[in-house]
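A short write-up of the structure that comes next.
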Amino acid sequence: MIKRKVLVYYAWSRPGEIEAPLGVIENRFPTLFESRRLAYPRFEELSDPAGFDQSVAGFLDHIMKPNFAAFVEFAGAQTGEPVVQVERVVDDGRPTPLDSDVLENVDTVIVISFDSFRTNQIASDIELSAVRRFLAQPDHLLFICPHHDIGDVPELSHDERLQRQVAEFLHHGDRSLPPQQRFGGFARSLLAGLGIPVQNRFGLHPAVDADGSPAAIDAESALDRLSLLRGVDTFNLHPHLPHFERLGDALAKLDVLARQKIDLNAPPHPFAREHTAFDALLQSKPDTFPGSLLVSDATLWSSTAGGVDSLRQLWSNVVQRPARS
């Protein structure tokens with residue numbers, strides 16, 4: 001078995017997220033207190049302010065990062081190597097760019113681009129060069145994973161914008177989300193800098209089967225050259241998942257490896273008027289890079305939104321894939 005070395009890179013700026021003005025509901029994470037209030041009695045174990053920071057920092061530490069703990073533990077157990085976890089900017093403002101130092105000695109990288117657009121996380125030329133060198137190795141695998149981009153309607157009048165944002169809010173049904181919440185700026189800049197621009201659009205509610213489990217994905221098995229979707233029937237039921245819209249050269253350089261059905265019983269969404277599914281997983285074509293690049297939602301690595309058995313199979317396929325030369 002190949003002993004894969006995995007890096008999970010959280011592309012947020014902690015001070016940028018933590019210092020978001022709490023008087024503005026748009027474009028920020030909730031605080032831990034807000035999450036507890038909206039989800040009560042869930043998270044009641046985090047209610048003691050003496051033990052748990054009730055700010056945005058507490059949300060990142062006690063709700064957001066633990067979402068990915070199951071994957072980190074699983075990957076470490078499967079590979080026999082501890083997963084490296086890096087935050088782009090830590091509390092004291094020190095940055096750790098996605099450069100050659102960070103990418104050295106790893107062969108599997110998952111970029112969790114849960115960064116607010118407001119914090120302006122942009123891939124530098126040094127980072128782009130380092131990622132290109134990483135992808136120059138046929139055995140290397142890079143997942144770039146933004147989350148949703150909800151309520152982005154600057155071209156509309158105030159009344160039209162409100163109507164559109166209410167429609168999106170009712171469609172996904174998550175009361176913890178503000179009318180506009182834009183994530184994934186680092187992912188977008190990284191993909192654009194690599195010549196394969198992709199936009200993570202909307203927050204679409206995925207379809208469910210009659211028993212409440214996630215509906216099956218529509219996978220392009222013939223394109224799955226790494227067998228990453230072998231035995232993977234579903235993704236998850238996170239209530240607001242993005243459609244990955246390929247732009248420019250990305251149309252010729254990225255394939256759609258899997259689509260996910262939209263819940264057509266949910267309140268109407270403008271995208272769902274013309275589409276019954278969204279592009280949920282993209283993969284670089286064989287001649288785009290020697291290595292492999294995929295684009296997925298950040299919650300594909302989370303254990304808190306259903307479909308965990310199928311996701312664990314995906315995780316296993318990723319960290320136990322055969323060597324390529």
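Residue numbers start at 1 in each chain; chains themselves are named A, B, ... in the order of the structure tokens; ligands are numbered from 1 in the order shown.
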
* Determine which residues of region 7-214 of chain A receive a DSSP assignment of helix (DSSP H, G or I), computed from the backbone, and state them as a PyMOL selection string. => chain A and resi 14-18+32-39+44-46+56-79+100-103+117-119+125-135+158-172+185-193

* Just list the residues in region 25-148 of chain A DSSP gives strand (DSSP E or B) on the backbone, as a list in words. => Val84, Gln85, Val86, Glu87, Arg88, Val89, Pro95, Thr108, Val109, Ile110, Val111, Ile112, Ser113, Ser116, Leu141, Leu142, Phe143, Ile144, Cys145 and Pro146 of chain A

* Give me the residues within 8 Å of Gly248 (chain A) as a ChimeraX atom specification, counting only C-alpha atoms and dropping any in the same chain fewer than 2 places off. => /A:196-197,246,250-251

Find the nearest atom pair between each residue of region 251-324 of chain A and region 178-189 of chain A for residues within 10 Å, count only C-alpha atoms, give distances in Å to one decimal, sort rows by chain and ascending number, and present the table as a tab-separated table.
residue	atom	partner	partner_atom	distance
A:Val295	CA	A:Ala187	CA	9.1
A:Asp297	CA	A:Gly184	CA	9.8
A:Ala298	CA	A:Gly184	CA	9.3

* Of the candidates A:His147, A:Arg28, A:Arg312, A:Arg133, which one gets nearest to Leu228 (chain A) if we count only C-alpha atoms? -> A:Arg312

* To do: Within 8 Å of region 2-4 of chain A, counting only C-alpha atoms, which residues show up once you throw out same-chain ones fewer than 2 positions away? Write them as a list of chain:residue names, please.
  => A:Val6, A:Thr79, A:Gly80, A:Glu81, A:Val106, A:Asp107, A:Thr108, A:Val319, A:Gln320, A:Arg321, A:Pro322, A:Ala323

The selected residues should be written to file as a compact mmCIF listing (two decimals), in the first residue's frame (atoms: C-alpha atoms).
# COMPACT_ATOMS: atom_id res chain seq x y z
CA VAL A 6 -2.06 14.30 3.03
CA THR A 79 -2.16 5.95 5.51
CA GLY A 80 -0.32 5.47 8.79
CA GLU A 81 0.81 9.09 8.46
CA VAL A 106 2.97 15.66 0.45
CA ASP A 107 1.23 14.02 -2.51
CA THR A 108 -2.43 14.67 -1.68
CA VAL A 319 -5.80 8.12 0.12
CA GLN A 320 -5.33 4.52 -1.10
CA ARG A 321 -5.13 5.24 -4.83
CA PRO A 322 -2.35 3.41 -6.70
CA ALA A 323 0.86 5.18 -7.59

* Quick one: residues within 12 Å of region 204-218 of chain A, only C-alpha atoms counted, chain neighbours fewer than 5 positions away excluded, as a ChimeraX atom specification? -> /A:147-151,167-174,229,231-244,256-272,275-281,297,305-311

* To do: Tell me which of A:Val102, A:Leu177, A:Ala50, A:Ala219 sits closest to Thr31 (chain A), counting only C-alpha atoms.
  => A:Leu177

* Residues at most 9 Å from region 32-42 of chain A, counting only C-alpha atoms, excluding those fewer than 6 positions away in the same chain, as a PyMOL selection string? -> chain A and resi 52-60+62-63+175-176

File of the preceding selection, N, CA and C atoms, as a tab-separated table (two decimals), in the first residue's frame:
chain	number	residue	atom	x	y	z
A	52	PHE	N	-15.83	27.95	26.48
A	52	PHE	CA	-15.95	28.01	25.03
A	52	PHE	C	-16.16	29.45	24.58
A	53	ASP	N	-15.24	29.94	23.79
A	53	ASP	CA	-15.35	31.28	23.21
A	53	ASP	C	-16.64	31.35	22.40
A	54	GLN	N	-17.50	32.29	22.71
A	54	GLN	CA	-18.81	32.37	22.06
A	54	GLN	C	-18.80	33.24	20.80
A	55	SER	N	-17.63	33.66	20.35
A	55	SER	CA	-17.51	34.54	19.18
A	55	SER	C	-17.37	33.70	17.90
A	56	VAL	N	-17.04	34.37	16.81
A	56	VAL	CA	-16.76	33.67	15.55
A	56	VAL	C	-15.60	32.70	15.73
A	57	ALA	N	-14.62	33.08	16.55
A	57	ALA	CA	-13.49	32.18	16.80
A	57	ALA	C	-13.97	30.87	17.39
A	58	GLY	N	-14.93	30.93	18.31
A	58	GLY	CA	-15.48	29.72	18.88
A	58	GLY	C	-16.20	28.88	17.85
A	59	PHE	N	-16.90	29.52	16.93
A	59	PHE	CA	-17.55	28.78	15.85
A	59	PHE	C	-16.52	28.05	15.00
A	60	LEU	N	-15.43	28.73	14.62
A	60	LEU	CA	-14.40	28.09	13.81
A	60	LEU	C	-13.79	26.90	14.55
A	62	HIS	N	-14.93	25.15	17.34
A	62	HIS	CA	-15.77	24.12	17.95
A	62	HIS	C	-16.86	23.57	17.04
A	63	ILE	N	-17.10	24.23	15.91
A	63	ILE	CA	-18.09	23.72	14.96
A	63	ILE	C	-17.48	23.50	13.58
A	175	ARG	N	-31.64	28.53	8.28
A	175	ARG	CA	-31.89	29.81	8.93
A	175	ARG	C	-30.62	30.43	9.52
A	176	SER	N	-29.54	29.69	9.57
A	176	SER	CA	-28.30	30.25	10.10
A	176	SER	C	-27.54	31.07	9.06

* Structure fact -> Across A:Ser292, A:Ser116, A:Asn317, A:Ser303, the smallest distance to Glu26 (chain A), with only C-alpha atoms counted, is shown by A:Ser116

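Pairwise distance (CA of Ser316 (chain A), CA of Gln78 (chain A)) equals 7.4 Å.
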